[in-house]
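Trainee: Please find structure.cif (mmCIF, C-alpha atoms and all ligand atoms) on the next line:
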```cif
data_query
#
loop_
_atom_site.group_PDB
_atom_site.id
_atom_site.type_symbol
_atom_site.label_atom_id
_atom_site.label_comp_id
_atom_site.auth_asym_id
_atom_site.auth_seq_id
_atom_site.Cartn_x
_atom_site.Cartn_y
_atom_site.Cartn_z
ATOM 1 C CA MET A 203 -59.377 -15.191 23.809
ATOM 2 C CA PRO A 204 -56.300 -13.010 23.381
ATOM 3 C CA MET A 205 -54.791 -12.692 19.972
ATOM 4 C CA PRO A 206 -51.426 -14.406 19.663
ATOM 5 C CA THR A 207 -48.721 -11.825 19.977
ATOM 6 C CA ALA A 208 -46.657 -11.124 16.897
ATOM 7 C CA PRO A 209 -42.973 -11.893 17.173
ATOM 8 C CA ALA A 210 -41.046 -8.879 18.366
ATOM 9 C CA PRO A 211 -39.525 -6.990 15.471
ATOM 10 C CA ARG A 212 -35.795 -7.535 15.142
ATOM 11 C CA PRO A 213 -33.919 -4.740 16.824
ATOM 12 C CA ALA A 214 -32.411 -2.282 14.433
ATOM 13 C CA SER A 215 -28.911 -3.453 13.681
ATOM 14 C CA ALA A 216 -26.223 -0.914 14.357
ATOM 15 C CA PRO A 217 -23.807 -0.659 11.458
ATOM 16 C CA VAL A 218 -20.056 -0.677 11.860
ATOM 17 C CA ALA A 219 -17.425 1.084 9.814
ATOM 18 C CA ALA A 220 -14.927 -1.214 8.093
ATOM 19 C CA LEU A 221 -11.503 -0.288 6.716
ATOM 20 C CA ASP A 222 -9.395 -2.446 4.408
ATOM 21 C CA ILE A 223 -5.840 -1.148 4.215
ATOM 22 C CA GLY A 224 -3.733 -2.539 1.413
ATOM 23 C CA GLY A 225 -0.595 -1.654 -0.481
ATOM 24 C CA THR A 226 -2.598 -0.523 -3.530
ATOM 25 C CA LYS A 227 -5.850 0.839 -2.150
ATOM 26 C CA ILE A 228 -7.576 1.818 1.067
ATOM 27 C CA ALA A 229 -11.243 0.829 1.073
ATOM 28 C CA GLY A 230 -13.949 1.699 3.560
ATOM 29 C CA ALA A 231 -17.546 0.652 4.081
ATOM 30 C CA LEU A 232 -20.449 0.880 6.460
ATOM 31 C CA VAL A 233 -21.775 -2.627 7.082
ATOM 32 C CA ASP A 234 -24.917 -3.642 8.953
ATOM 33 C CA ALA A 235 -25.284 -6.589 11.331
ATOM 34 C CA ASP A 236 -26.384 -8.852 8.464
ATOM 35 C CA GLY A 237 -23.304 -8.046 6.406
ATOM 36 C CA ARG A 238 -25.028 -5.683 3.996
ATOM 37 C CA ILE A 239 -22.867 -2.866 2.699
ATOM 38 C CA LEU A 240 -24.662 0.446 3.241
ATOM 39 C CA ALA A 241 -21.927 2.689 1.831
ATOM 40 C CA ARG A 242 -18.488 2.152 0.379
ATOM 41 C CA THR A 243 -15.582 4.184 -0.881
ATOM 42 C CA GLN A 244 -11.891 3.815 -1.666
ATOM 43 C CA ARG A 245 -8.704 5.773 -2.328
ATOM 44 C CA PRO A 246 -5.379 4.725 -3.807
ATOM 45 C CA THR A 247 -2.716 4.002 -1.163
ATOM 46 C CA PRO A 248 0.026 6.631 -1.479
ATOM 47 C CA ALA A 249 2.496 3.888 -0.531
ATOM 48 C CA GLY A 250 5.570 5.984 -1.361
ATOM 49 C CA GLU A 251 4.644 8.803 1.031
ATOM 50 C CA ASP A 252 5.600 9.300 4.655
ATOM 51 C CA ALA A 253 3.449 8.143 7.549
ATOM 52 C CA GLU A 254 1.196 11.198 7.575
ATOM 53 C CA GLY A 255 0.786 11.137 3.805
ATOM 54 C CA VAL A 256 -0.465 7.573 3.935
ATOM 55 C CA PHE A 257 -2.755 8.359 6.862
ATOM 56 C CA GLY A 258 -4.207 11.236 4.845
ATOM 57 C CA ALA A 259 -5.767 8.653 2.514
ATOM 58 C CA VAL A 260 -7.249 6.780 5.498
ATOM 59 C CA GLY A 261 -8.700 10.051 6.784
ATOM 60 C CA ALA A 262 -10.185 10.786 3.356
ATOM 61 C CA VAL A 263 -11.901 7.380 3.320
ATOM 62 C CA LEU A 264 -13.337 7.958 6.811
ATOM 63 C CA ASP A 265 -14.466 11.455 5.822
ATOM 64 C CA ALA A 266 -16.233 10.047 2.764
ATOM 65 C CA LEU A 267 -17.997 7.427 4.905
ATOM 66 C CA ALA A 268 -19.026 10.164 7.335
ATOM 67 C CA THR A 269 -21.114 11.771 4.578
ATOM 68 C CA SER A 270 -23.400 8.685 4.613
ATOM 69 C CA PRO A 271 -26.644 8.908 6.603
ATOM 70 C CA ALA A 272 -25.657 5.578 8.207
ATOM 71 C CA TRP A 273 -22.439 6.984 9.722
ATOM 72 C CA ALA A 274 -24.080 8.509 12.801
ATOM 73 C CA ALA A 275 -25.349 5.093 13.893
ATOM 74 C CA ALA A 276 -22.035 3.318 13.344
ATOM 75 C CA GLU A 277 -20.893 2.076 16.736
ATOM 76 C CA ALA A 278 -17.363 0.877 16.042
ATOM 77 C CA VAL A 279 -14.617 0.641 13.458
ATOM 78 C CA GLY A 280 -13.025 -2.614 12.301
ATOM 79 C CA ILE A 281 -9.719 -2.576 10.433
ATOM 80 C CA GLY A 282 -8.186 -5.307 8.320
ATOM 81 C CA SER A 283 -4.687 -4.168 7.384
ATOM 82 C CA ALA A 284 -1.907 -5.523 5.252
ATOM 83 C CA GLY A 285 0.569 -7.098 7.608
ATOM 84 C CA PRO A 286 2.319 -7.487 9.764
ATOM 85 C CA VAL A 287 0.060 -5.868 12.325
ATOM 86 C CA ASP A 288 0.380 -5.749 16.105
ATOM 87 C CA ALA A 289 -3.179 -5.931 17.345
ATOM 88 C CA ALA A 290 -2.052 -5.920 20.971
ATOM 89 C CA ARG A 291 -0.324 -2.543 20.539
ATOM 90 C CA GLY A 292 -2.678 -1.222 17.849
ATOM 91 C CA THR A 293 0.133 -0.657 15.359
ATOM 92 C CA VAL A 294 0.792 -1.711 11.766
ATOM 93 C CA SER A 295 3.985 -2.152 9.714
ATOM 94 C CA PRO A 296 2.770 -3.235 6.250
ATOM 95 C CA VAL A 297 5.668 -4.638 4.230
ATOM 96 C CA ASN A 298 4.432 -2.791 1.132
ATOM 97 C CA VAL A 299 3.881 0.570 2.881
ATOM 98 C CA PRO A 300 7.402 1.551 3.997
ATOM 99 C CA GLY A 301 6.283 4.841 5.592
ATOM 100 C CA TRP A 302 4.380 2.930 8.267
ATOM 101 C CA ARG A 303 6.592 1.111 10.733
ATOM 102 C CA GLY A 304 4.932 0.658 14.100
ATOM 103 C CA PHE A 305 2.325 3.198 12.988
ATOM 104 C CA PRO A 306 -0.333 3.731 15.722
ATOM 105 C CA LEU A 307 -3.266 3.094 13.413
ATOM 106 C CA VAL A 308 -5.834 2.172 16.074
ATOM 107 C CA GLU A 309 -5.245 5.382 18.032
ATOM 108 C CA ARG A 310 -5.253 7.570 14.915
ATOM 109 C CA VAL A 311 -8.406 6.028 13.429
ATOM 110 C CA GLY A 312 -10.149 6.286 16.815
ATOM 111 C CA GLU A 313 -9.341 10.005 16.984
ATOM 112 C CA HIS A 314 -10.520 10.550 13.417
ATOM 113 C CA ALA A 315 -13.723 8.552 14.002
ATOM 114 C CA GLY A 316 -14.966 10.539 16.998
ATOM 115 C CA GLY A 317 -13.644 8.177 19.649
ATOM 116 C CA ARG A 318 -15.455 5.089 18.373
ATOM 117 C CA PRO A 319 -13.854 1.835 19.537
ATOM 118 C CA VAL A 320 -11.469 0.354 16.956
ATOM 119 C CA THR A 321 -10.560 -3.299 16.377
ATOM 120 C CA LEU A 322 -7.510 -4.227 14.289
ATOM 121 C CA VAL A 323 -6.605 -7.557 12.676
ATOM 122 C CA GLY A 324 -4.544 -8.584 9.672
ATOM 123 C CA ASP A 325 -6.407 -8.331 6.372
ATOM 124 C CA GLY A 326 -6.211 -12.084 5.836
ATOM 125 C CA VAL A 327 -7.818 -12.644 9.242
ATOM 126 C CA ALA A 328 -10.590 -10.155 8.422
ATOM 127 C CA MET A 329 -11.239 -11.776 5.043
ATOM 128 C CA THR A 330 -11.310 -15.230 6.632
ATOM 129 C CA ALA A 331 -13.795 -14.017 9.254
ATOM 130 C CA ALA A 332 -16.013 -12.734 6.439
ATOM 131 C CA GLU A 333 -15.748 -15.961 4.431
ATOM 132 C CA HIS A 334 -16.612 -17.968 7.549
ATOM 133 C CA TRP A 335 -19.555 -15.725 8.378
ATOM 134 C CA LEU A 336 -21.111 -15.261 4.938
ATOM 135 C CA GLY A 337 -18.928 -16.844 2.252
ATOM 136 C CA ALA A 338 -17.058 -19.900 1.051
ATOM 137 C CA ALA A 339 -16.085 -21.209 4.511
ATOM 138 C CA ARG A 340 -19.586 -20.922 5.998
ATOM 139 C CA GLY A 341 -20.473 -24.025 8.005
ATOM 140 C CA HIS A 342 -16.895 -25.337 8.088
ATOM 141 C CA ALA A 343 -15.198 -25.800 11.454
ATOM 142 C CA ASP A 344 -11.679 -25.319 10.083
ATOM 143 C CA ALA A 345 -10.539 -23.047 7.268
ATOM 144 C CA LEU A 346 -7.474 -21.247 5.969
ATOM 145 C CA GLY A 347 -8.364 -18.096 4.030
ATOM 146 C CA LEU A 348 -5.793 -16.678 1.620
ATOM 147 C CA VAL A 349 -5.566 -13.169 0.184
ATOM 148 C CA VAL A 350 -3.488 -12.959 -2.991
ATOM 149 C CA SER A 351 -3.094 -9.305 -3.897
ATOM 150 C CA THR A 352 -0.197 -6.829 -3.672
ATOM 151 C CA GLY A 353 0.928 -9.183 -0.915
ATOM 152 C CA VAL A 354 -0.155 -12.613 0.274
ATOM 153 C CA GLY A 355 -2.053 -12.771 3.567
ATOM 154 C CA GLY A 356 -4.018 -15.440 5.358
ATOM 155 C CA GLY A 357 -6.240 -16.221 8.308
ATOM 156 C CA LEU A 358 -7.387 -19.245 10.271
ATOM 157 C CA VAL A 359 -10.679 -20.589 11.560
ATOM 158 C CA LEU A 360 -10.076 -23.515 13.928
ATOM 159 C CA GLY A 361 -12.828 -25.432 15.682
ATOM 160 C CA GLY A 362 -15.426 -22.994 14.382
ATOM 161 C CA ARG A 363 -13.706 -19.908 15.795
ATOM 162 C CA LEU A 364 -11.537 -17.228 14.274
ATOM 163 C CA HIS A 365 -7.926 -17.457 15.511
ATOM 164 C CA PRO A 366 -6.241 -14.095 14.985
ATOM 165 C CA GLY A 367 -3.525 -14.999 17.495
ATOM 166 C CA PRO A 368 -2.145 -12.585 20.092
ATOM 167 C CA THR A 369 -0.920 -10.030 17.534
ATOM 168 C CA GLY A 370 -3.582 -10.531 14.853
ATOM 169 C CA ASN A 371 -1.266 -12.249 12.363
ATOM 170 C CA ALA A 372 -2.016 -15.972 12.792
ATOM 171 C CA GLY A 373 -2.299 -17.628 9.388
ATOM 172 C CA HIS A 374 -0.317 -14.859 7.663
ATOM 173 C CA ILE A 375 1.650 -17.254 5.487
ATOM 174 C CA GLY A 376 2.947 -14.730 2.953
ATOM 175 C CA HIS A 377 6.348 -14.435 4.602
ATOM 176 C CA LEU A 378 7.032 -18.083 5.240
ATOM 177 C CA SER A 379 10.054 -19.005 3.173
ATOM 178 C CA VAL A 380 9.491 -21.746 0.613
ATOM 179 C CA ASP A 381 12.903 -21.283 -1.027
ATOM 180 C CA LEU A 382 15.812 -20.679 1.354
ATOM 181 C CA ASP A 383 18.038 -19.489 -1.504
ATOM 182 C CA GLY A 384 15.259 -17.596 -3.271
ATOM 183 C CA ASP A 385 14.944 -13.934 -4.150
ATOM 184 C CA PRO A 386 15.271 -11.416 -1.311
ATOM 185 C CA CYS A 387 11.902 -10.166 -0.021
ATOM 186 C CA ALA A 388 11.021 -6.705 1.284
ATOM 187 C CA CYS A 389 10.565 -8.302 4.741
ATOM 188 C CA GLY A 390 14.233 -9.242 4.945
ATOM 189 C CA GLY A 391 13.690 -12.949 4.259
ATOM 190 C CA ARG A 392 14.332 -14.951 1.122
ATOM 191 C CA GLY A 393 12.039 -16.978 -1.093
ATOM 192 C CA CYS A 394 8.847 -15.953 0.730
ATOM 193 C CA VAL A 395 5.483 -17.255 -0.499
ATOM 194 C CA GLU A 396 4.625 -13.642 -1.274
ATOM 195 C CA ARG A 397 7.771 -13.261 -3.376
ATOM 196 C CA LEU A 398 6.507 -16.039 -5.642
ATOM 197 C CA ALA A 399 2.744 -15.844 -5.378
ATOM 198 C CA SER A 400 1.602 -12.208 -5.016
ATOM 199 C CA GLY A 401 -0.163 -10.521 -7.919
ATOM 200 C CA PRO A 402 2.847 -8.404 -8.966
ATOM 201 C CA HIS A 403 5.167 -11.422 -8.797
ATOM 202 C CA ILE A 404 2.775 -13.591 -10.800
ATOM 203 C CA ALA A 405 2.792 -10.864 -13.457
ATOM 204 C CA ARG A 406 6.585 -10.485 -13.302
ATOM 205 C CA HIS A 407 7.111 -14.228 -13.728
ATOM 206 C CA ALA A 408 4.752 -14.317 -16.709
ATOM 207 C CA LEU A 409 6.607 -11.409 -18.339
ATOM 208 C CA ASP A 410 9.956 -13.133 -17.701
ATOM 209 C CA GLY A 411 8.525 -16.248 -19.352
ATOM 210 C CA GLY A 412 7.573 -14.382 -22.522
ATOM 211 C CA TRP A 413 3.935 -13.380 -21.897
ATOM 212 C CA ARG A 414 3.147 -9.903 -23.180
ATOM 213 C CA PRO A 415 0.174 -7.658 -22.321
ATOM 214 C CA GLY A 416 -2.502 -7.019 -24.923
ATOM 215 C CA PRO A 417 -3.080 -3.723 -26.755
ATOM 216 C CA ASP A 418 -4.505 -2.145 -23.575
ATOM 217 C CA GLY A 419 -1.091 -2.560 -21.909
ATOM 218 C CA ASP A 420 -2.626 -4.233 -18.828
ATOM 219 C CA ALA A 421 0.243 -6.170 -17.215
ATOM 220 C CA SER A 422 -1.609 -6.958 -13.969
ATOM 221 C CA ALA A 423 -2.071 -10.420 -12.489
ATOM 222 C CA ALA A 424 -5.723 -10.179 -13.583
ATOM 223 C CA ALA A 425 -4.554 -9.869 -17.199
ATOM 224 C CA VAL A 426 -2.184 -12.808 -16.682
ATOM 225 C CA ALA A 427 -5.133 -14.804 -15.279
ATOM 226 C CA GLU A 428 -7.135 -14.092 -18.411
ATOM 227 C CA ALA A 429 -4.205 -15.255 -20.561
ATOM 228 C CA ALA A 430 -3.829 -18.377 -18.404
ATOM 229 C CA ARG A 431 -7.502 -19.241 -18.913
ATOM 230 C CA ALA A 432 -6.861 -18.934 -22.661
ATOM 231 C CA GLY A 433 -3.948 -21.366 -22.272
ATOM 232 C CA HIS A 434 -0.899 -19.098 -22.687
ATOM 233 C CA PRO A 435 1.961 -21.300 -21.408
ATOM 234 C CA ALA A 436 3.920 -18.559 -19.599
ATOM 235 C CA ALA A 437 0.758 -17.309 -17.916
ATOM 236 C CA VAL A 438 -0.192 -20.838 -16.840
ATOM 237 C CA ALA A 439 3.366 -21.425 -15.571
ATOM 238 C CA ALA A 440 3.251 -18.244 -13.465
ATOM 239 C CA PHE A 441 0.054 -19.363 -11.721
ATOM 240 C CA GLU A 442 1.286 -22.934 -11.252
ATOM 241 C CA ARG A 443 4.469 -21.611 -9.632
ATOM 242 C CA ALA A 444 2.414 -19.371 -7.352
ATOM 243 C CA ALA A 445 0.160 -22.279 -6.395
ATOM 244 C CA ARG A 446 3.150 -24.508 -5.598
ATOM 245 C CA ALA A 447 4.534 -21.769 -3.338
HETATM 246 ZN ZN ZN B 1 8.936 -11.883 3.003
#
```
Would you mind writing the file out in structure tokens?
Ligand SMILES: [Zn+2]

Mentor:
Amino acid sequence: MPMPTAPAPRPASAPVAALDIGGTKIAGALVDADGRILARTQRPTPAGEDAEGVFGAVGAVLDALATSPAWAAAEAVGIGSAGPVDAARGTVSPVNVPGWRGFPLVERVGEHAGGRPVTLVGDGVAMTAAEHWLGAARGHADALGLVVSTGVGGGLVLGGRLHPGPTGNAGHIGHLSVDLDGDPCACGGRGCVERLASGPHIARHALDGGWRPGPDGDASAAAVAEAARAGHPAAVAAFERAARA
């Protein structure tokens, strides 16, 4: 009688390279098909530099990933970028990176990554895809993911599927106006969600309300969050205002 055959071993999962492009940092990783991070690195975003200066940091992140033994097997590159992005054209124009307007990021990353195929979406869409795959939105048919960082991004899962929209920006709620007469925003609008709810604006509002950083001088939104947890009224008010936005 033949022995039962053992289940076939799972095929080796080809990793992909992932880039997260933000107004403060550019992060990169090699990620396997189960979502495990095999290598990671990051560089500060030289947001005040010209287009090539900013791309230099992206190139440095890719070069650092290429030193990993897993790089050779990486089959593709995925990019989540601060928005707005134009996934159809492969370009990005991050509000907080003025040197990049219509910057051909997909083409440039493809060249730098040895011709590997490149997929671009907004960072909020990428984060939402990850939360739906492995995180807080797992098992939910519909979800809105929100990134609150240097900017405010978002992404949508509808009916169990990611909806990046035709340009990769669907769900990017940071530049919806919630105050028509509000402060001018870098995007040209007024009273944008981002203008009230991003990390730097949470910190600014707390400072305006009388919160002061501790002895370490940390005036980031993370420091404001710590003060809010301890009950500081101006810190709490800054987060409540952001949440209302
Ligand atoms: Zn705006």

Trainee: So that I can see what lies close to Gly261 in chain A, please list as a short mmCIF file (atom, residue, chain, number, x, y, z; two decimals) with C-alpha atoms, keeping the file's coordinate frame the residues with an atom at most 9 Å from it, counting only C-alpha atoms and leaving out residues fewer than 4 positions away in the same chain.

Mentor:
```cif
data_model
loop_
_atom_site.label_atom_id
_atom_site.label_comp_id
_atom_site.auth_asym_id
_atom_site.auth_seq_id
_atom_site.Cartn_x
_atom_site.Cartn_y
_atom_site.Cartn_z
CA PHE A 257 -2.76 8.36 6.86
CA ASP A 265 -14.47 11.46 5.82
CA ALA A 266 -16.23 10.05 2.76
CA VAL A 311 -8.41 6.03 13.43
CA HIS A 314 -10.52 10.55 13.42
CA ALA A 315 -13.72 8.55 14.00
#
```

Trainee: Any chance you could work out the residue set of the PyMOL selection byres (((chain A and resi 228-237) around 9) and not hetatm) here, as an NGL selection string?

Mentor: :A and (214-227 or 238-247 or 259-260 or 263-264 or 266-267 or 270 or 272-273 or 276 or 332 or 335-336)

Trainee: For Ala424 in chain A, list every protein, DNA or RNA residue within 10 Å, evaluated using all atoms listed in the file, and leave out those in the same chain fewer than 2 positions away; present the list as number ranges by chain.

Mentor: A: 401-402, 404-405, 420-422, 426-430

Trainee: Here's the selection I'm unsure about, the PyMOL selection byres (((chain A and resi 279) around 7) and not hetatm); applied to the file above, which residues does it give, as a compact mmCIF listing (two decimals) with C-alpha atoms, in the frame of the given file?

Mentor:
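Once written, selection_36.txt looks like this:
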```txt
# COMPACT_ATOMS: atom_id res chain seq x y z
CA VAL A 218 -20.06 -0.68 11.86
CA ALA A 219 -17.42 1.08 9.81
CA ALA A 220 -14.93 -1.21 8.09
CA ALA A 278 -17.36 0.88 16.04
CA GLY A 280 -13.02 -2.61 12.30
CA ILE A 281 -9.72 -2.58 10.43
CA ARG A 318 -15.46 5.09 18.37
CA PRO A 319 -13.85 1.84 19.54
CA VAL A 320 -11.47 0.35 16.96
CA THR A 321 -10.56 -3.30 16.38
```

Trainee: Determine the residue membership of the PyMOL selection byres (((chain A and resi 357) around 10) and not hetatm) for the file above and supply it as a PyMOL selection string.

Mentor: chain A and resi 323-331+345-349+355-356+358-360+364-367+370-375

Trainee: At a cut-off of 8 Å and counting all atoms listed in the file, what residues surround ligand ZN 1 (chain B)? Please answer as a PyMOL selection string.

Mentor: chain A and resi 376-379+386-397

Trainee: Closest to Thr369 in chain A among A:Leu382, A:Ala290, A:Ala284, A:Ala439, using all atoms listed in the file?

Mentor: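 Of A:Leu382, A:Ala290, A:Ala284, A:Ala439, the one nearest Thr369 in chain A is A:Ala290, counting all atoms listed in the file.
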
Trainee: For the point (4.7, -11.0, -17.4) in the file's frame, write as a PyMOL selection string all residues with an atom no more than 10 Å away, counting all atoms listed in the file.

Mentor: chain A and resi 402-415+421-423+425-426+436-437+440

Trainee: Between A:Asp385, A:Val350, A:Ala432, A:Ala289, single out the one closest to Ala444 in chain A, counting only C-alpha atoms.

Mentor: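 Smallest distance to Ala444 in chain A is found for A:Val350.
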